[in-house]
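The file query-v5.json contains JSON, C-alpha atoms:
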```json
[["chain", "number", "residue", "atom", "x", "y", "z"],
["U", 26, "MET", "CA", 20.69, 2.90, 6.71],
["U", 27, "GLN", "CA", 17.64, 1.99, 8.76],
["U", 28, "ASN", "CA", 15.97, -1.40, 8.73],
["U", 29, "PHE", "CA", 12.49, -0.46, 7.62],
["U", 30, "THR", "CA", 9.62, -2.74, 8.62],
["U", 31, "ARG", "CA", 5.98, -1.77, 8.34],
["U", 32, "SER", "CA", 3.39, -4.04, 9.88],
["U", 33, "ILE", "CA", 0.25, -4.72, 7.90],
["U", 34, "GLY", "CA", -1.22, -6.75, 10.73],
["U", 35, "VAL", "CA", -1.55, -10.14, 9.06],
["U", 36, "LEU", "CA", -1.17, -13.57, 10.61],
["U", 37, "VAL", "CA", 1.02, -15.77, 8.45],
["U", 38, "SER", "CA", 0.33, -19.47, 8.87],
["U", 39, "ALA", "CA", 3.71, -21.18, 8.73],
["U", 40, "ALA", "CA", 2.58, -24.61, 7.56],
["U", 41, "CYS", "CA", 5.94, -25.93, 6.49],
["U", 42, "LEU", "CA", 9.50, -24.68, 6.39],
["U", 43, "MET", "CA", 12.21, -26.40, 4.38],
["U", 44, "VAL", "CA", 15.95, -25.90, 4.94],
["U", 45, "PRO", "CA", 16.57, -26.53, 2.19],
["U", 46, "LEU", "CA", 14.13, -29.39, 1.50],
["U", 47, "GLN", "CA", 13.09, -30.73, 4.90],
["U", 48, "CYS", "CA", 9.60, -29.91, 6.08],
["U", 49, "VAL", "CA", 8.90, -28.61, 9.60],
["U", 50, "PRO", "CA", 5.28, -29.02, 10.81],
["U", 51, "ALA", "CA", 3.41, -25.85, 11.77],
["U", 52, "LEU", "CA", 3.12, -25.16, 15.47],
["U", 53, "ALA", "CA", -0.27, -25.02, 17.12],
["U", 54, "LYS", "CA", 0.35, -21.51, 18.34],
["U", 55, "GLU", "CA", 1.63, -19.30, 15.58],
["U", 56, "PRO", "CA", 3.08, -15.80, 16.12],
["U", 57, "ARG", "CA", 2.03, -12.63, 14.38],
["U", 58, "ILE", "CA", 4.41, -11.88, 11.54],
["U", 59, "ASP", "CA", 5.14, -8.33, 10.39],
["U", 60, "ILE", "CA", 5.58, -8.27, 6.62],
["U", 61, "GLY", "CA", 7.48, -5.32, 5.23],
["U", 62, "TYR", "CA", 10.27, -4.10, 3.01],
["U", 63, "VAL", "CA", 13.94, -3.64, 3.67],
["U", 64, "GLU", "CA", 16.19, -2.07, 1.05],
["U", 65, "ASN", "CA", 16.62, -5.36, -0.79],
["U", 66, "GLY", "CA", 13.04, -6.63, -0.66],
["U", 67, "LEU", "CA", 10.45, -8.25, 1.54],
["U", 68, "GLU", "CA", 11.17, -9.45, 5.04],
["U", 69, "LEU", "CA", 9.57, -11.19, 7.96],
["U", 70, "THR", "CA", 10.87, -9.63, 11.15],
["U", 71, "GLY", "CA", 13.69, -11.73, 12.55],
["U", 72, "THR", "CA", 12.64, -11.79, 16.20],
["U", 73, "GLN", "CA", 9.75, -14.10, 15.27],
["U", 74, "TRP", "CA", 11.94, -17.09, 14.42],
["U", 75, "THR", "CA", 14.12, -19.56, 16.31],
["U", 76, "ARG", "CA", 16.87, -21.69, 14.82],
["U", 77, "ASP", "CA", 17.46, -25.20, 16.11],
["U", 78, "PRO", "CA", 21.19, -25.33, 17.02],
["U", 79, "VAL", "CA", 21.43, -29.01, 16.04],
["U", 80, "THR", "CA", 19.39, -29.34, 12.84],
["U", 81, "GLY", "CA", 19.65, -25.74, 11.70],
["U", 82, "GLU", "CA", 15.89, -25.66, 11.05],
["U", 83, "PHE", "CA", 13.83, -22.54, 11.71],
["U", 84, "THR", "CA", 10.53, -22.53, 13.56],
["U", 85, "PRO", "CA", 8.22, -19.67, 14.54],
["U", 86, "ASN", "CA", 9.25, -18.26, 17.90],
["U", 87, "ILE", "CA", 6.79, -18.89, 20.70],
["U", 88, "ASN", "CA", 7.12, -16.37, 23.53],
["U", 89, "GLY", "CA", 9.03, -17.93, 26.38],
["U", 90, "SER", "CA", 10.61, -20.65, 24.25],
["U", 91, "PRO", "CA", 13.82, -21.88, 25.95],
["U", 92, "ALA", "CA", 15.55, -22.20, 22.58],
["U", 93, "ALA", "CA", 14.68, -18.59, 21.79],
["U", 94, "ALA", "CA", 16.01, -17.44, 25.14],
["U", 95, "ASP", "CA", 19.31, -19.31, 24.73],
["U", 96, "ASP", "CA", 20.00, -18.29, 21.15],
["U", 97, "PRO", "CA", 22.13, -15.11, 21.06],
["U", 98, "ASN", "CA", 20.90, -14.26, 17.56],
["U", 99, "GLN", "CA", 17.70, -12.96, 15.98],
["U", 100, "TYR", "CA", 16.54, -14.09, 12.54],
["U", 101, "LYS", "CA", 14.51, -12.90, 9.59],
["U", 102, "ALA", "CA", 13.58, -14.25, 6.18],
["U", 103, "ASP", "CA", 14.62, -11.98, 3.32],
["U", 104, "PHE", "CA", 12.62, -12.31, 0.11],
["U", 105, "ARG", "CA", 15.15, -10.79, -2.31],
["U", 106, "CYS", "CA", 15.10, -14.17, -4.12],
["U", 107, "ARG", "CA", 11.52, -13.61, -5.23],
["U", 108, "LEU", "CA", 12.22, -10.05, -6.35],
["U", 109, "GLY", "CA", 15.64, -10.73, -7.87],
["U", 110, "GLY", "CA", 17.33, -8.31, -5.48],
["U", 111, "PRO", "CA", 21.05, -7.79, -4.85],
["U", 112, "GLY", "CA", 22.92, -11.01, -4.08],
["U", 113, "ALA", "CA", 20.07, -13.27, -5.21],
["U", 114, "ARG", "CA", 21.94, -14.72, -8.17],
["U", 115, "GLU", "CA", 25.20, -15.15, -6.27],
["U", 116, "MET", "CA", 23.47, -17.11, -3.52],
["U", 117, "GLY", "CA", 21.76, -19.38, -6.03],
["U", 118, "CYS", "CA", 18.20, -18.62, -4.99],
["U", 119, "LEU", "CA", 17.05, -17.71, -8.51],
["U", 120, "THR", "CA", 17.27, -21.40, -9.43],
["U", 121, "LEU", "CA", 15.81, -22.83, -6.22],
["U", 122, "GLU", "CA", 12.46, -24.55, -6.72],
["U", 123, "CYS", "CA", 9.96, -24.73, -3.86],
["U", 124, "PRO", "CA", 7.29, -27.21, -5.05],
["U", 125, "PRO", "CA", 4.11, -27.81, -3.05],
["U", 126, "THR", "CA", 4.51, -30.25, -0.18],
["U", 127, "THR", "CA", 0.94, -31.55, -0.51],
["U", 128, "PRO", "CA", -1.17, -32.32, -3.62],
["U", 129, "ASP", "CA", -3.34, -29.23, -3.07],
["U", 130, "GLY", "CA", -0.66, -27.08, -1.47],
["U", 131, "GLU", "CA", 0.91, -23.85, -2.64],
["U", 132, "LYS", "CA", 4.46, -23.41, -3.82],
["U", 133, "GLY", "CA", 6.88, -22.08, -1.27],
["U", 134, "SER", "CA", 8.93, -18.91, -1.42],
["U", 135, "PRO", "CA", 12.72, -19.02, -1.75],
["U", 136, "VAL", "CA", 14.23, -16.97, 1.06],
["U", 137, "ILE", "CA", 17.63, -16.10, 2.43],
["U", 138, "TRP", "CA", 17.72, -16.48, 6.20],
["U", 139, "LEU", "CA", 19.59, -13.67, 7.91],
["U", 140, "MET", "CA", 20.75, -13.24, 11.47],
["U", 141, "ALA", "CA", 21.98, -10.45, 13.73],
["U", 142, "PRO", "CA", 23.02, -10.45, 17.41],
["U", 143, "LYS", "CA", 20.16, -9.87, 19.81],
["U", 144, "GLY", "CA", 22.33, -7.20, 21.44],
["U", 145, "ILE", "CA", 21.48, -4.95, 18.49],
["U", 146, "SER", "CA", 18.00, -3.76, 19.41],
["U", 147, "ASN", "CA", 17.20, -2.22, 16.03],
["U", 148, "PRO", "CA", 19.74, -3.54, 13.52],
["U", 149, "THR", "CA", 20.16, -1.93, 10.15],
["U", 150, "PHE", "CA", 20.11, -4.08, 7.07],
["U", 151, "THR", "CA", 23.92, -4.16, 6.90],
["U", 152, "ASP", "CA", 24.05, -5.68, 10.40],
["U", 153, "TRP", "CA", 22.28, -8.84, 9.25],
["U", 154, "GLN", "CA", 24.45, -11.74, 8.05],
["U", 155, "PRO", "CA", 23.32, -14.68, 5.83],
["U", 156, "VAL", "CA", 22.80, -17.98, 7.63],
["U", 157, "ASP", "CA", 24.68, -20.87, 5.97],
["U", 158, "GLY", "CA", 25.07, -18.79, 2.80],
["U", 159, "LYS", "CA", 22.37, -20.68, 0.91],
["U", 160, "PRO", "CA", 18.64, -20.19, 0.25],
["U", 161, "ALA", "CA", 15.79, -22.15, 1.78],
["U", 162, "CYS", "CA", 12.09, -22.63, 1.11],
["U", 163, "LEU", "CA", 9.48, -20.95, 3.28],
["U", 164, "TYR", "CA", 5.87, -22.11, 3.03],
["U", 165, "ASP", "CA", 3.14, -19.66, 3.98],
["U", 166, "VAL", "CA", -0.38, -20.93, 3.53],
["U", 167, "GLU", "CA", -2.16, -17.63, 4.10],
["U", 168, "PRO", "CA", -2.73, -14.80, 3.72],
["U", 169, "GLU", "CA", -1.85, -13.95, 0.17],
["U", 170, "ASP", "CA", 1.49, -12.16, -0.02],
["U", 171, "ALA", "CA", 0.30, -8.65, -0.86],
["U", 172, "MET", "CA", 3.80, -7.22, -1.05],
["U", 173, "ALA", "CA", 5.00, -9.66, -3.68],
["U", 174, "ASN", "CA", 1.83, -9.13, -5.70],
["U", 175, "ILE", "CA", 2.32, -5.36, -5.57],
["U", 176, "ALA", "CA", 5.85, -5.83, -6.89],
["U", 177, "ALA", "CA", 4.50, -7.97, -9.74],
["U", 178, "ARG", "CA", 1.93, -5.39, -10.89],
["U", 179, "ILE", "CA", 3.56, -2.10, -9.92],
["U", 180, "LEU", "CA", 4.78, -1.27, -13.44],
["U", 181, "THR", "CA", 1.23, -1.48, -14.82],
["U", 182, "ASP", "CA", -0.05, 0.79, -12.05],
["U", 183, "PHE", "CA", 2.83, 3.20, -12.65],
["U", 184, "GLN", "CA", 2.11, 3.43, -16.37],
["U", 185, "GLN", "CA", -1.54, 4.30, -15.66],
["U", 186, "LEU", "CA", -0.77, 7.29, -13.44],
["U", 187, "PRO", "CA", -2.03, 10.71, -14.60],
["U", 188, "VAL", "CA", 1.51, 12.07, -14.92],
["U", 189, "ASN", "CA", 1.79, 15.60, -16.30],
["U", 190, "PRO", "CA", 4.27, 15.54, -19.22],
["U", 191, "GLY", "CA", 4.93, 19.26, -18.88],
["U", 192, "THR", "CA", 4.91, 21.62, -21.85],
["U", 193, "LEU", "CA", 7.06, 22.05, -24.92],
["U", 194, "GLU", "CA", 8.35, 25.60, -25.32],
["U", 195, "ALA", "CA", 9.99, 27.23, -28.35],
["U", 196, "GLN", "CA", 11.86, 30.51, -28.80],
["U", 197, "PRO", "CA", 10.86, 32.38, -30.89],
["U", 198, "PHE", "CA", 7.23, 31.24, -31.02],
["U", 199, "PRO", "CA", 4.88, 30.88, -32.82],
["U", 200, "HIS", "CA", 6.96, 32.29, -35.71],
["U", 201, "THR", "CA", 10.58, 31.46, -36.31],
["U", 202, "LEU", "CA", 12.98, 31.97, -39.20],
["U", 203, "LYS", "CA", 14.29, 29.59, -41.78],
["U", 204, "GLY", "CA", 18.00, 29.02, -41.32],
["U", 205, "GLY", "CA", 18.05, 30.42, -37.79],
["U", 206, "PRO", "CA", 18.21, 28.42, -34.54],
["U", 207, "THR", "CA", 14.96, 27.83, -32.70],
["U", 208, "ASN", "CA", 15.46, 27.07, -29.02],
["U", 209, "PHE", "CA", 13.28, 24.24, -27.65],
["U", 210, "TYR", "CA", 12.96, 23.31, -23.99],
["U", 211, "THR", "CA", 10.51, 21.68, -21.62],
["U", 212, "THR", "CA", 8.99, 22.40, -18.24],
["U", 213, "THR", "CA", 8.33, 19.25, -16.22],
["U", 214, "ALA", "CA", 9.19, 17.99, -12.77],
["U", 215, "GLU", "CA", 9.13, 15.02, -10.42],
["U", 216, "GLN", "CA", 5.62, 14.07, -9.35],
["U", 217, "GLY", "CA", 4.25, 12.01, -6.47],
["U", 218, "PHE", "CA", 1.03, 10.00, -6.16],
["U", 219, "ASP", "CA", -0.63, 8.27, -3.22],
["U", 220, "VAL", "CA", -2.74, 5.27, -4.20],
["U", 221, "THR", "CA", -4.12, 2.10, -2.64],
["U", 222, "ILE", "CA", -3.03, -1.21, -4.16],
["U", 223, "LEU", "CA", -4.30, -4.52, -2.78],
["U", 224, "GLY", "CA", -5.38, -2.72, 0.38],
["U", 225, "GLN", "CA", -1.93, -1.22, 1.00],
["U", 226, "ALA", "CA", -0.96, 2.46, 1.01],
["U", 227, "VAL", "CA", 1.50, 2.97, -1.83],
["U", 228, "HIS", "CA", 3.37, 6.16, -2.70],
["U", 229, "LEU", "CA", 4.66, 6.35, -6.28],
["U", 230, "THR", "CA", 7.13, 8.89, -7.62],
["U", 231, "ALA", "CA", 7.58, 9.66, -11.34],
["U", 232, "THR", "CA", 10.87, 11.34, -12.24],
["U", 233, "PRO", "CA", 11.65, 12.69, -15.74],
["U", 234, "ALA", "CA", 14.73, 10.84, -17.00],
["U", 235, "ASN", "CA", 15.14, 11.74, -20.67],
["U", 236, "TYR", "CA", 13.45, 13.58, -23.51],
["U", 237, "THR", "CA", 12.86, 13.11, -27.23],
["U", 238, "TYR", "CA", 12.16, 16.25, -29.27],
["U", 239, "THR", "CA", 10.36, 15.72, -32.58],
["U", 240, "PHE", "CA", 10.53, 18.88, -34.68],
["U", 241, "GLY", "CA", 7.91, 18.02, -37.31],
["U", 242, "ASP", "CA", 10.22, 18.23, -40.32],
["U", 243, "GLY", "CA", 11.33, 14.61, -40.18],
["U", 244, "THR", "CA", 14.12, 15.20, -37.66],
["U", 245, "ALA", "CA", 14.32, 14.54, -33.92],
["U", 246, "LEU", "CA", 16.67, 14.93, -30.98],
["U", 247, "GLY", "CA", 17.01, 12.28, -28.30],
["U", 248, "PRO", "CA", 16.49, 10.48, -26.14],
["U", 249, "THR", "CA", 18.58, 12.98, -24.21],
["U", 250, "PRO", "CA", 18.74, 13.81, -20.50],
["U", 251, "VAL", "CA", 18.82, 17.52, -21.41],
["U", 252, "ALA", "CA", 15.54, 19.33, -20.71],
["U", 253, "GLY", "CA", 16.78, 22.60, -22.23],
["U", 254, "TYR", "CA", 16.29, 26.08, -20.82],
["U", 255, "SER", "CA", 14.94, 29.52, -21.67],
["U", 256, "ILE", "CA", 17.27, 32.11, -23.19],
["U", 257, "PRO", "CA", 16.91, 35.93, -23.46],
["U", 258, "ALA", "CA", 14.99, 37.27, -26.45],
["U", 259, "ALA", "CA", 18.10, 39.05, -27.71],
["U", 260, "ASP", "CA", 19.73, 35.64, -28.25],
["U", 261, "TRP", "CA", 16.87, 33.87, -30.00],
["U", 262, "LEU", "CA", 18.14, 34.13, -33.55],
["U", 263, "THR", "CA", 21.85, 33.95, -32.83],
["U", 264, "SER", "CA", 22.51, 31.49, -30.00],
["U", 265, "GLU", "CA", 22.35, 27.71, -30.35],
["U", 266, "THR", "CA", 21.64, 25.52, -27.33],
["U", 267, "ARG", "CA", 21.92, 21.76, -26.91],
["U", 268, "THR", "CA", 18.21, 21.48, -27.68],
["U", 269, "SER", "CA", 17.89, 24.06, -30.48],
["U", 270, "HIS", "CA", 16.91, 23.16, -34.04],
["U", 271, "THR", "CA", 17.33, 24.89, -37.40],
["U", 272, "TYR", "CA", 14.56, 24.54, -39.98],
["U", 273, "THR", "CA", 15.85, 24.47, -43.56],
["U", 274, "GLU", "CA", 12.50, 25.07, -45.28],
["U", 275, "THR", "CA", 9.59, 27.39, -44.68],
["U", 276, "GLY", "CA", 6.26, 25.95, -43.62],
["U", 277, "ASN", "CA", 4.16, 24.98, -40.63],
["U", 278, "TYR", "CA", 5.54, 22.16, -38.50],
["U", 279, "GLN", "CA", 4.01, 20.12, -35.68],
["U", 280, "ALA", "CA", 6.59, 19.79, -32.90],
["U", 281, "THR", "CA", 6.15, 17.41, -29.95],
["U", 282, "LEU", "CA", 8.08, 16.26, -26.91],
["U", 283, "THR", "CA", 8.10, 12.75, -25.42],
["U", 284, "THR", "CA", 9.26, 12.52, -21.82],
["U", 285, "SER", "CA", 10.37, 9.21, -20.33],
["U", 286, "PHE", "CA", 9.75, 8.85, -16.59],
["U", 287, "THR", "CA", 11.38, 6.41, -14.21],
["U", 288, "GLY", "CA", 9.66, 5.56, -10.97],
["U", 289, "THR", "CA", 9.90, 4.36, -7.41],
["U", 290, "TYR", "CA", 7.27, 3.06, -5.03],
["U", 291, "SER", "CA", 6.99, 2.83, -1.27],
["U", 292, "VAL", "CA", 4.59, 0.50, 0.55],
["U", 293, "ASN", "CA", 3.19, 1.57, 3.92],
["U", 294, "ASN", "CA", 5.80, 4.31, 4.36],
["U", 295, "GLY", "CA", 8.66, 1.90, 3.65],
["U", 296, "PRO", "CA", 11.82, 2.85, 1.73],
["U", 297, "PRO", "CA", 11.52, 3.74, -1.98],
["U", 298, "LEU", "CA", 12.01, 0.76, -4.30],
["U", 299, "PRO", "CA", 12.78, 1.08, -8.03],
["U", 300, "ILE", "CA", 10.17, 0.26, -10.65],
["U", 301, "ASN", "CA", 11.59, -1.90, -13.42],
["U", 302, "GLY", "CA", 10.27, -0.02, -16.43],
["U", 303, "THR", "CA", 9.49, 3.44, -17.76],
["U", 304, "LEU", "CA", 6.52, 5.62, -18.60],
["U", 305, "HIS", "CA", 6.55, 7.53, -21.90],
["U", 306, "ILE", "CA", 4.24, 10.54, -22.36],
["U", 307, "THR", "CA", 4.03, 12.79, -25.44],
["U", 308, "THR", "CA", 2.85, 16.41, -25.26],
["U", 309, "PRO", "CA", 0.18, 17.78, -27.59],
["U", 310, "ALA", "CA", 1.66, 19.07, -30.86],
["U", 311, "LYS", "CA", 2.74, 22.68, -31.03],
["U", 312, "THR", "CA", 2.62, 24.42, -34.44],
["U", 313, "ILE", "CA", 5.82, 26.20, -35.46],
["U", 314, "HIS", "CA", 5.48, 28.69, -38.35],
["U", 315, "VAL", "CA", 8.78, 28.95, -40.19],
["U", 316, "TRP", "CA", 9.29, 32.08, -42.29],
["U", 317, "LYS", "CA", 12.09, 33.16, -44.57],
["U", 318, "THR", "CA", 14.06, 36.40, -44.48],
["U", 319, "GLU", "CA", 15.38, 38.58, -47.29],
["U", 320, "ARG", "CA", 17.85, 41.44, -47.20],
["U", 321, "ALA", "CA", 18.07, 44.56, -49.37],
["U", 322, "LEU", "CA", 19.70, 47.98, -49.34],
["U", 323, "VAL", "CA", 17.26, 50.87, -49.05],
["U", 324, "ALA", "CA", 17.85, 54.62, -49.41],
["U", 325, "ASP", "CA", 15.22, 55.90, -46.99],
["U", 326, "THR", "CA", 13.08, 54.96, -44.05],
["U", 327, "CYS", "CA", 9.44, 53.86, -44.09],
["U", 328, "GLN", "CA", 8.50, 57.26, -42.61],
["U", 329, "GLU", "CA", 10.23, 58.98, -45.48],
["U", 330, "ASN", "CA", 8.90, 56.62, -48.12],
["U", 331, "PRO", "CA", 6.02, 54.34, -47.03],
["U", 332, "ASN", "CA", 6.29, 52.44, -50.34],
["U", 333, "SER", "CA", 9.96, 51.63, -49.81],
["U", 334, "TRP", "CA", 11.04, 47.97, -49.95],
["U", 335, "GLY", "CA", 10.15, 46.08, -46.80],
["U", 336, "CYS", "CA", 7.77, 48.67, -45.43],
["U", 337, "PRO", "CA", 4.30, 47.59, -44.29],
["U", 338, "GLY", "CA", 1.84, 47.86, -47.17],
["U", 339, "ALA", "CA", 4.59, 48.29, -49.76],
["U", 340, "THR", "CA", 4.03, 46.57, -53.09],
["U", 341, "ARG", "CA", 6.78, 44.80, -54.96]]
```
Structure translated into structure tokens:
Amino acid sequence: MQNFTRSIGVLVSAACLMVPLQCVPALAKEPRIDIGYVENGLELTGTQWTRDPVTGEFTPNINGSPAAADDPNQYKADFRCRLGGPGAREMGCLTLECPPTTPDGEKGSPVIWLMAPKGISNPTFTDWQPVDGKPACLYDVEPEDAMANIAARILTDFQQLPVNPGTLEAQPFPHTLKGGPTNFYTTTAEQGFDVTILGQAVHLTATPANYTYTFGDGTALGPTPVAGYSIPAADWLTSETRTSHTYTETGNYQATLTTSFTGTYSVNNGPPLPINGTLHITTPAKTIHVWKTERALVADTCQENPNSWGCPGATR
């Protein structure tokens, strides 16, 4: 698994860093920080930070710093705490409070500091190890954390996408028979969208997850992961599928299909992250005309006797 980092070219002002509650003054010369996503959330690239071997405190890495040169490890701040990612609860960061350090200051962000040997030039996420096994508070004065704000609003953006729900199909259609199976199925597929959110390039993917068939006669099927499928015309009135339905009364019925989509999003070509929520879309109603059938014994064909029972134009 690769360690994905995508720079958005922002300068983070590290005003104060607490490990866990001690404040470190900001340095006069602050490095450029690349903000991006790894599999488990936001990160600040680890090569930008130096850990004091005595106090254990982290400070932004100034190029040429002796401490940075002597330390065999590289560090990064992982923001899974803020996003509730894997391991966040076990490490206790969901309960860590990071109050402002000044009357007009901003709250800090709970982070898990990770380290990897500098000998690994491009470590994957699994190469990083937690430092001290406990969370700490990171204070960033500016700019606004666009990544975290995208995560907070992504469900709303996802639910506003012009996702195509597909179509509801029925066999036979538009006329079917009372007491016989009518095969329903849908045609829909995964869909992708490229949008801009808070100035960042975001790719969203909507994937059909389950379906609810409403047959118009007071009955429904689902939610079910089964999309159904087309069957040969010779099997329409004899074969039942997992999504077929039998109407017990004649009439005209309005059938619909509701598809539930799950989603993922990727920021600045980063790895896909799950969206915590679903999108439900219902197709326009499709009218199903249900007829009844009758059987009778006849002595001749319609060619022989046009007025025979069941022949077109015959009177009864």
- Please return, as a list in words, all polymer residues that have at least one atom within 10 Å of the point (15.7, 23.4, -40.7); use all atoms listed in the file and the file's own coordinate frame.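 Residues lying no farther than 10 Å from the given point: Leu202, Lys203, Gly204, Gly205, Pro206, Thr207, Phe240, Asp242, Gly243, Thr244, His270, Thr271, Tyr272, Thr273, Glu274, Thr275 and Val315 of chain U.
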- Task: Figure out the distance between atom CA of U:Thr120 and atom CA of U:Leu163, please, to one decimal in Å.
- Result: 14.9 Å
- Provide the atom CA of U:Arg114 to atom CA of U:Ile179 distance in Å, to one decimal place.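 Distance between the two atoms: 22.4 Å.
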- Task: Choose the residue, out of U:Ser134, U:Asn147, U:Asn294, U:Thr126, that has the smallest atom-to-atom separation from U:Gln99; count all atoms listed in the file.
- Result: U:Asn147
Would you list the contacts of U:Val220 as a PDB file with C-alpha atoms, in the frame of the given file, taking every protein, DNA or RNA residue within 12 Å and counting only C-alpha atoms, but skipping same-chain residues closer than 2 positions in sequence?
```pdb
ATOM      1  CA  ILE U 175       2.320  -5.360  -5.570  1.00  0.00           C
ATOM      2  CA  ILE U 179       3.560  -2.100  -9.920  1.00  0.00           C
ATOM      3  CA  ASP U 182      -0.050   0.790 -12.050  1.00  0.00           C
ATOM      4  CA  PHE U 183       2.830   3.200 -12.650  1.00  0.00           C
ATOM      5  CA  GLN U 185      -1.540   4.300 -15.660  1.00  0.00           C
ATOM      6  CA  LEU U 186      -0.770   7.290 -13.440  1.00  0.00           C
ATOM      7  CA  PRO U 187      -2.030  10.710 -14.600  1.00  0.00           C
ATOM      8  CA  GLY U 217       4.250  12.010  -6.470  1.00  0.00           C
ATOM      9  CA  PHE U 218       1.030  10.000  -6.160  1.00  0.00           C
ATOM     10  CA  ILE U 222      -3.030  -1.210  -4.160  1.00  0.00           C
ATOM     11  CA  LEU U 223      -4.300  -4.520  -2.780  1.00  0.00           C
ATOM     12  CA  GLY U 224      -5.380  -2.720   0.380  1.00  0.00           C
ATOM     13  CA  GLN U 225      -1.930  -1.220   1.000  1.00  0.00           C
ATOM     14  CA  ALA U 226      -0.960   2.460   1.010  1.00  0.00           C
ATOM     15  CA  VAL U 227       1.500   2.970  -1.830  1.00  0.00           C
ATOM     16  CA  HIS U 228       3.370   6.160  -2.700  1.00  0.00           C
ATOM     17  CA  LEU U 229       4.660   6.350  -6.280  1.00  0.00           C
ATOM     18  CA  THR U 230       7.130   8.890  -7.620  1.00  0.00           C
ATOM     19  CA  TYR U 290       7.270   3.060  -5.030  1.00  0.00           C
ATOM     20  CA  SER U 291       6.990   2.830  -1.270  1.00  0.00           C
ATOM     21  CA  VAL U 292       4.590   0.500   0.550  1.00  0.00           C
ATOM     22  CA  ASN U 293       3.190   1.570   3.920  1.00  0.00           C
TER      23      ASN U 293
END
```
- Just give me the gap between atom CA of U:Leu304 and atom CA of U:Leu193 in Å, one decimal is fine. 17.6 Å
Polymer residues at most 9 Å from U:Thr249, all atoms listed in the file, same-chain spacing of 6 or more positions, as a CSV table (one decimal) with C-alpha atoms, keeping the file's coordinate frame:
```
chain,number,residue,atom,x,y,z
U,234,ALA,CA,14.7,10.8,-17.0
U,235,ASN,CA,15.1,11.7,-20.7
U,236,TYR,CA,13.4,13.6,-23.5
U,237,THR,CA,12.9,13.1,-27.2
U,238,TYR,CA,12.2,16.2,-29.3
```
- Quick one: of U:Ala171, U:Gln184, U:Gly276, U:Thr308, who's nearest to U:Thr211, counting only C-alpha atoms?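 Smallest distance to U:Thr211 is found for U:Thr308.
Counting only C-alpha atoms, U:Cys106 has the following residues at most 8 Å away, ignoring those fewer than 4 positions along the same chain: Gly110, Ala113, Arg114, Cys118, Leu119, Pro135, Val136 and Ile137 of chain U.
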